[in-house]
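Data block below; observations after.
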Amino acid sequence: MITERLGTELLFLDGGMGTLLQEKGMKPGELPETWNITHADEIIEIHKKYYEAGSDIVLTNTFGANALKFQDDTFPLEKIISTAVKNAKEASFRAVKGERDTYVALDIGPTGKLLKPMGDLAFETAYETFKEVAVLGEAAGADLIHIETMSDTYEVKAAVLAAKENTSLPVFVTLIFDERGKLLTGADVPSVVALLEGLRVDALGINCGLGPKQMIPILDQLLEYSSLPIIVKPNAGLPVQRDGETCYDVTPEEFAATMKEIVTKGAVVVGGCCGTTPNHIRCMIESVRGIPVVPVVSKNRTIVSSYGKHVELGTGSKIIGERINPTGKKKLKEALKNHQIDYLIKEGIAQEDAGAHILDVNVGLPDIDEPSVMKEVIQELQSVTSLPLQIDTVDVEAMESAMRIYNGKPMINSVSGKKESMNQIFPLVKKYGGVVVGLTLDESGIPDTAMGRLEIAKKILASAALYNIDKKDIVIDVLCMTISSEPKGAVTTLEALKLVRETLGVQTVLGVSNISFGLPNRPVINSNFYTMAMQQGLSVGIINPMSEDMMKSYYSYHALMSLDDNCENYIAHYANQTAAAPSVSSKTDSELTLQSIIEKGLKDEAGAVTQTLLESKDPLDIINQYLIPALDIVGKGFEKGTVFLPQLLMSAAAAKNAFAVIKDVIANSGAPAEHLDKVVLATVKGDIHDIGKNIVKVLLENYSFDVIDLGKDVPPELIVQTVLDQDVRLVGLSALMTTTVVSMEETIKQLRSAAPNCRVMVGGAVLNQDYADMIGADFYGKDAMQSVYYAQKFFQDNQSMITSDKEEQDI
């Protein structure tokens, strides 16, 4: 088994496939996976050269092989995958002849679609798509599954679950990060590591998008956070054109020199991606052969994550917002009963604005379908906030349904020292990953002494270990007993808190406000106890972050204990606040302006508030004073990396709802329809990955462009004809795969010939400014917002030229 060698010796992957297929004559727009059947000898020859170069693991030619791409019987998916595995095995036989152990990895790439709520692909549909491929791959004889080039944590979760739940094969995962160390959907390295370790993949790492030198900072982060073997598969630099051919600018020797540094740092599985050849792999292996393997070291880091943010427990104390919980909250109970999910969403946003790091989510009421509502609330919250969530329920079905669809590594509230509880919850944590709250109570109840609670904490940790759940993923709650009935409740809790933290070395959590139940003026007791608990080692407190008393305790404690550099957070929060500040901060519904609603992505609210504003404001004033400023703020945040793709798209969806209301009013008034500048968008021939194109479409439409979306796998002729028929002045082209960039170049050539006044903007993971210039594009958009800004400037400049020409004619 490859897992026996993993982490104990260097393992070598193969390199690129697409550019080699092009060299062998694959035409623009031709699907590489079909060559497994139509050109088996050429595929076998490429695999064979990699084995001869020294590769231990060769990936099947199945990167895009899935039911979303192959939907008819011309090339049956089963035949593509079985033939692909057969070709790789035949290549090994011819090259190695059994003289050393080699492995065939079933290559699984992304679907090319965004998952809901950002896109239109359901999580379970993605799961079933990956499941089919994984099952076919194992049946064909693959030795492991390599999931690669993933840019969305949600999609990678669907792929990993599909592989692990339906096969017995080891699972490797590599993702495509940008230079900032972020995925397309916003996740940073710690978030990705937390998710994949929780899902129990066998190795993780990075591939594509960057050259070997550019990957080093990301590798450093992977090594800092990951307790798993690390994979590194860089491109051979950046694509360039030489003598009309696409090639890459890092030579085999240069590639090998940097890969030597990468191995020395600690990567244990190495290979290449786009542009690398058997010669790159041969030089790499020769340069690193004999370098001692850096041992894989377990990292004792307690991390919860979402799609775009991680929270690490350990230094200082963190805040879990407690307000999405119906206990003692009449309005929230009514909202749940009436299925007013927006009320819960606004509670979440308000707590985030008030300083919460994690949001507790509890929807437990007797009269509702808790599994269904919990799942819906989790998904809706994750569509508007990047904060990690704590799934809080005693309903095991609700717990599992929420853990399955949660995008990230959640906190789980909770497990207790009761055998039944541990038998129910720990299997879920083992399967889906999570940081679980361990309550120090068992069949005998809550111990009266700190030592008794310590013993239950030990029992919880011991039971977790039987499921291979590390203590870093257990956060102990020593429980608060109200001092109104238990006079020594606080003393015992504080003693237990310190004892557990120092004896067991685990993180801790408390529901702080329980301490004052039944007493008047509870915030006074709560805030003082909160400070005392943090002093005794409280890692994270479940509190109301909208209580100014609690937040004063939080900020002042961290400033006093030198946990707030230069008192920056304290000053930022209190510098402009008067001494007579209110004890509870809140933001009423009336204070939520349309601009803030758009910025926060509240779709339903956007339409309703717009309707109200139209009673007193002109439609164009609403657009210019609220909608466009909100979109500009979100767009600039996206460019800076402070706003992530899900938030960008949800803001766009909210703006779309507002625009729809305005358009209806204008249409009903009889006013002439506004002229909209036309833009054609298309993913080029041979490429089915339309995520980037769809993002640009959403944003352009919100900035009042008339978008003609031709879809994916679009031939150049259709794009040209559409431009001519509809007198279009701007075209946007997208490509993800190296093999399809030639289709982009061909499209630009045909546009230049047939419509010389039409401008072309391009984007995609395999592109850069130099390459865009080489293929004749007018503009390269590094992200979606840059494309919007270019379109605005292009049409403004174009209009200015028209106006100037008209004025000259009038003169």
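Residue numbering restarts at 1 in every chain; chains get A, B, ... in the order shown in the structure tokens, and ligands count up from 1 in that same order.
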Item to complete: Mind the document's chain letters and residue numbers, and return as a PyMOL selection string the residues of segment 481-542 of chain A that DSSP labels strand (DSSP E or B).
Response: chain A and resi 507-511+540-542
Requested write-out: N, CA and C atoms of the selected residues, as a PDB file, in the first residue's frame:
ATOM      1  N   GLN A 507      -8.052  23.044  25.077  1.00  0.00           N
ATOM      2  CA  GLN A 507      -8.740  24.321  25.091  1.00  0.00           C
ATOM      3  C   GLN A 507     -10.055  24.193  25.869  1.00  0.00           C
ATOM      4  N   THR A 508     -10.590  25.334  26.294  1.00  0.00           N
ATOM      5  CA  THR A 508     -11.771  25.323  27.162  1.00  0.00           C
ATOM      6  C   THR A 508     -12.831  26.298  26.649  1.00  0.00           C
ATOM      7  N   VAL A 509     -14.078  26.027  27.052  1.00  0.00           N
ATOM      8  CA  VAL A 509     -15.200  26.854  26.651  1.00  0.00           C
ATOM      9  C   VAL A 509     -16.196  26.922  27.797  1.00  0.00           C
ATOM     10  N   LEU A 510     -16.927  28.023  27.900  1.00  0.00           N
ATOM     11  CA  LEU A 510     -17.984  28.162  28.910  1.00  0.00           C
ATOM     12  C   LEU A 510     -19.159  28.955  28.326  1.00  0.00           C
ATOM     13  N   GLY A 511     -20.364  28.551  28.716  1.00  0.00           N
ATOM     14  CA  GLY A 511     -21.540  29.381  28.507  1.00  0.00           C
ATOM     15  C   GLY A 511     -21.606  30.351  29.673  1.00  0.00           C
ATOM     16  N   VAL A 540     -12.444  30.166  24.920  1.00  0.00           N
ATOM     17  CA  VAL A 540     -13.517  30.772  24.142  1.00  0.00           C
ATOM     18  C   VAL A 540     -14.773  30.836  25.005  1.00  0.00           C
ATOM     19  N   GLY A 541     -15.396  32.006  25.042  1.00  0.00           N
ATOM     20  CA  GLY A 541     -16.600  32.182  25.845  1.00  0.00           C
ATOM     21  C   GLY A 541     -17.829  32.304  24.958  1.00  0.00           C
ATOM     22  N   ILE A 542     -18.885  31.602  25.344  1.00  0.00           N
ATOM     23  CA  ILE A 542     -20.171  31.746  24.656  1.00  0.00           C
ATOM     24  C   ILE A 542     -20.898  32.888  25.356  1.00  0.00           C
TER      25      ILE A 542
END
Exercise for the section: Mind checking which residues fall within 8 Å of segment 262-273 of chain A, counting only C-alpha atoms, ignoring those fewer than 3 positions away in the same chain, and posting them as number ranges by chain? Expected result: A: 6-7, 9-16, 207-208, 216, 219-220, 223, 229-236, 258-259, 276-277, 280-281, 288, 291-296
| task | Within 6 Å of Ser416 of chain A, counting only C-alpha atoms, which residues show up once you throw out same-chain ones fewer than 4 positions away? Write them as a list in words, please. | result | Ser421, Gly438, Leu439 and Leu441 of chain A
Print the selection's residues with all heavy atoms to a file, as a PDB file, in the first residue's frame.
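Wrote result04.pdb, looks like this:
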ATOM      1  N   SER A 421     -23.827   9.367  24.564  1.00  0.00           N
ATOM      2  CA  SER A 421     -23.476  10.596  23.854  1.00  0.00           C
ATOM      3  C   SER A 421     -22.189  10.408  23.053  1.00  0.00           C
ATOM      4  O   SER A 421     -22.119  10.782  21.865  1.00  0.00           O
ATOM      5  CB  SER A 421     -23.316  11.742  24.846  1.00  0.00           C
ATOM      6  OG  SER A 421     -22.836  12.905  24.212  1.00  0.00           O
ATOM      7  N   GLY A 438     -16.769  19.270  24.837  1.00  0.00           N
ATOM      8  CA  GLY A 438     -16.948  18.157  25.758  1.00  0.00           C
ATOM      9  C   GLY A 438     -17.486  18.636  27.097  1.00  0.00           C
ATOM     10  O   GLY A 438     -16.781  19.347  27.830  1.00  0.00           O
ATOM     11  N   LEU A 439     -18.723  18.276  27.431  1.00  0.00           N
ATOM     12  CA  LEU A 439     -19.347  18.700  28.694  1.00  0.00           C
ATOM     13  C   LEU A 439     -18.944  17.765  29.824  1.00  0.00           C
ATOM     14  O   LEU A 439     -19.071  16.532  29.696  1.00  0.00           O
ATOM     15  CB  LEU A 439     -20.874  18.695  28.554  1.00  0.00           C
ATOM     16  CG  LEU A 439     -21.483  19.502  27.399  1.00  0.00           C
ATOM     17  CD1 LEU A 439     -23.012  19.355  27.418  1.00  0.00           C
ATOM     18  CD2 LEU A 439     -21.085  20.958  27.472  1.00  0.00           C
ATOM     19  N   LEU A 441     -20.059  16.231  32.299  1.00  0.00           N
ATOM     20  CA  LEU A 441     -21.146  15.567  33.024  1.00  0.00           C
ATOM     21  C   LEU A 441     -21.266  14.161  32.447  1.00  0.00           C
ATOM     22  O   LEU A 441     -20.924  13.912  31.299  1.00  0.00           O
ATOM     23  CB  LEU A 441     -22.460  16.335  32.900  1.00  0.00           C
ATOM     24  CG  LEU A 441     -23.091  16.511  31.514  1.00  0.00           C
ATOM     25  CD1 LEU A 441     -24.020  15.352  31.171  1.00  0.00           C
ATOM     26  CD2 LEU A 441     -23.873  17.815  31.449  1.00  0.00           C
TER      27      LEU A 441
END
**Report entry** Members of segment 304-526 of chain A assigned helix (DSSP H, G or I) by DSSP, as a VMD selection string
**Finding:** chain A and resid 330 to 337 341 to 354 370 to 382 396 to 405 419 to 432 450 to 466 471 to 473 489 to 504 512 to 516 522 to 526
From the set A:Asp770, A:Asp477, A:Asp101, A:Glu78, which residue has the shortest atom-to-atom contact distance to Arg501 of chain A, counting only C-alpha atoms?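 Selected residue with least distance to Arg501 of chain A: A:Asp477.
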Could you check the closest approach to Asp56 of chain A for each of A:Val741, A:Asp41, A:Tyr103, A:Leu21 and tell me which residue wins, using only C-alpha atoms?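 Among the listed residues, A:Tyr103 lies closest to Asp56 of chain A.
Near Ile425 of chain A, within 9 Å and counting only C-alpha atoms, sit Val396, Met399, Glu400, Ile412, Ser414, Val415, Glu420, Ser421, Met422, Leu428, Val429, Lys430 and Val436 of chain A, not including residues fewer than 3 positions from it in the same chain.
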Save the residues we just selected, all heavy atoms, as a compact mmCIF listing (two decimals), in the first residue's frame?
# COMPACT_ATOMS: atom_id res chain seq x y z
N VAL A 396 -29.37 14.21 17.05
CA VAL A 396 -28.24 13.64 16.31
C VAL A 396 -28.47 13.73 14.80
O VAL A 396 -27.54 13.98 14.03
CB VAL A 396 -27.99 12.17 16.73
CG1 VAL A 396 -26.87 11.56 15.91
CG2 VAL A 396 -27.64 12.11 18.21
N MET A 399 -27.72 17.18 13.83
CA MET A 399 -26.27 17.37 13.90
C MET A 399 -25.59 16.86 12.63
O MET A 399 -24.79 17.56 12.00
CB MET A 399 -25.70 16.65 15.13
CG MET A 399 -24.21 16.76 15.29
SD MET A 399 -23.72 18.41 15.82
CE MET A 399 -24.14 18.33 17.56
N GLU A 400 -25.93 15.63 12.23
CA GLU A 400 -25.26 15.06 11.05
C GLU A 400 -25.64 15.80 9.78
O GLU A 400 -24.77 16.06 8.93
CB GLU A 400 -25.58 13.57 10.89
CG GLU A 400 -24.91 13.00 9.64
CD GLU A 400 -24.81 11.50 9.60
OE1 GLU A 400 -25.56 10.83 10.34
OE2 GLU A 400 -23.97 10.99 8.82
N ILE A 412 -18.74 21.77 17.32
CA ILE A 412 -19.87 20.88 17.57
C ILE A 412 -20.24 20.98 19.04
O ILE A 412 -19.43 20.69 19.91
CB ILE A 412 -19.50 19.40 17.23
CG1 ILE A 412 -18.97 19.30 15.80
CG2 ILE A 412 -20.68 18.50 17.46
CD1 ILE A 412 -19.92 19.77 14.75
N SER A 414 -22.90 19.38 21.43
CA SER A 414 -21.73 18.98 22.20
C SER A 414 -21.76 17.46 22.39
O SER A 414 -22.68 16.78 21.97
CB SER A 414 -21.73 19.66 23.57
OG SER A 414 -22.97 19.35 24.23
N VAL A 415 -20.71 16.97 23.08
CA VAL A 415 -20.68 15.60 23.56
C VAL A 415 -20.51 15.67 25.08
O VAL A 415 -19.99 16.66 25.60
CB VAL A 415 -19.51 14.82 22.92
CG1 VAL A 415 -18.17 15.31 23.46
CG2 VAL A 415 -19.63 13.32 23.14
N GLU A 420 -23.56 6.90 25.90
CA GLU A 420 -24.46 7.03 24.75
C GLU A 420 -24.11 8.25 23.90
O GLU A 420 -24.09 8.20 22.67
CB GLU A 420 -25.91 7.14 25.23
CG GLU A 420 -26.92 7.28 24.09
CD GLU A 420 -28.33 7.50 24.58
OE1 GLU A 420 -28.52 7.79 25.79
OE2 GLU A 420 -29.27 7.38 23.76
N SER A 421 -23.83 9.37 24.56
CA SER A 421 -23.48 10.60 23.85
C SER A 421 -22.19 10.41 23.05
O SER A 421 -22.12 10.78 21.87
CB SER A 421 -23.32 11.74 24.85
OG SER A 421 -22.84 12.91 24.21
N MET A 422 -21.17 9.84 23.68
CA MET A 422 -19.90 9.67 22.98
C MET A 422 -20.04 8.70 21.81
O MET A 422 -19.43 8.90 20.75
CB MET A 422 -18.83 9.20 23.97
CG MET A 422 -18.47 10.27 25.01
SD MET A 422 -17.08 9.85 26.09
CE MET A 422 -17.82 8.59 27.15
N LEU A 428 -19.51 10.86 14.17
CA LEU A 428 -19.77 11.98 13.26
C LEU A 428 -18.55 12.87 13.14
O LEU A 428 -18.22 13.34 12.04
CB LEU A 428 -20.97 12.80 13.77
CG LEU A 428 -22.31 12.08 13.88
CD1 LEU A 428 -23.40 13.05 14.34
CD2 LEU A 428 -22.70 11.45 12.55
N VAL A 429 -17.88 13.12 14.26
CA VAL A 429 -16.67 13.95 14.23
C VAL A 429 -15.58 13.25 13.43
O VAL A 429 -14.86 13.88 12.65
CB VAL A 429 -16.19 14.26 15.66
CG1 VAL A 429 -14.88 15.06 15.63
CG2 VAL A 429 -17.26 15.03 16.43
N LYS A 430 -15.47 11.96 13.58
CA LYS A 430 -14.47 11.19 12.82
C LYS A 430 -14.75 11.26 11.33
O LYS A 430 -13.82 11.33 10.50
CB LYS A 430 -14.48 9.73 13.29
CG LYS A 430 -13.47 8.85 12.55
CD LYS A 430 -13.49 7.42 13.06
CE LYS A 430 -12.48 6.56 12.31
NZ LYS A 430 -12.47 5.15 12.79
N VAL A 436 -15.12 19.56 18.85
CA VAL A 436 -16.30 19.22 19.63
C VAL A 436 -16.18 19.69 21.08
O VAL A 436 -15.12 19.56 21.69
CB VAL A 436 -16.59 17.70 19.56
CG1 VAL A 436 -15.47 16.88 20.16
CG2 VAL A 436 -17.92 17.36 20.22
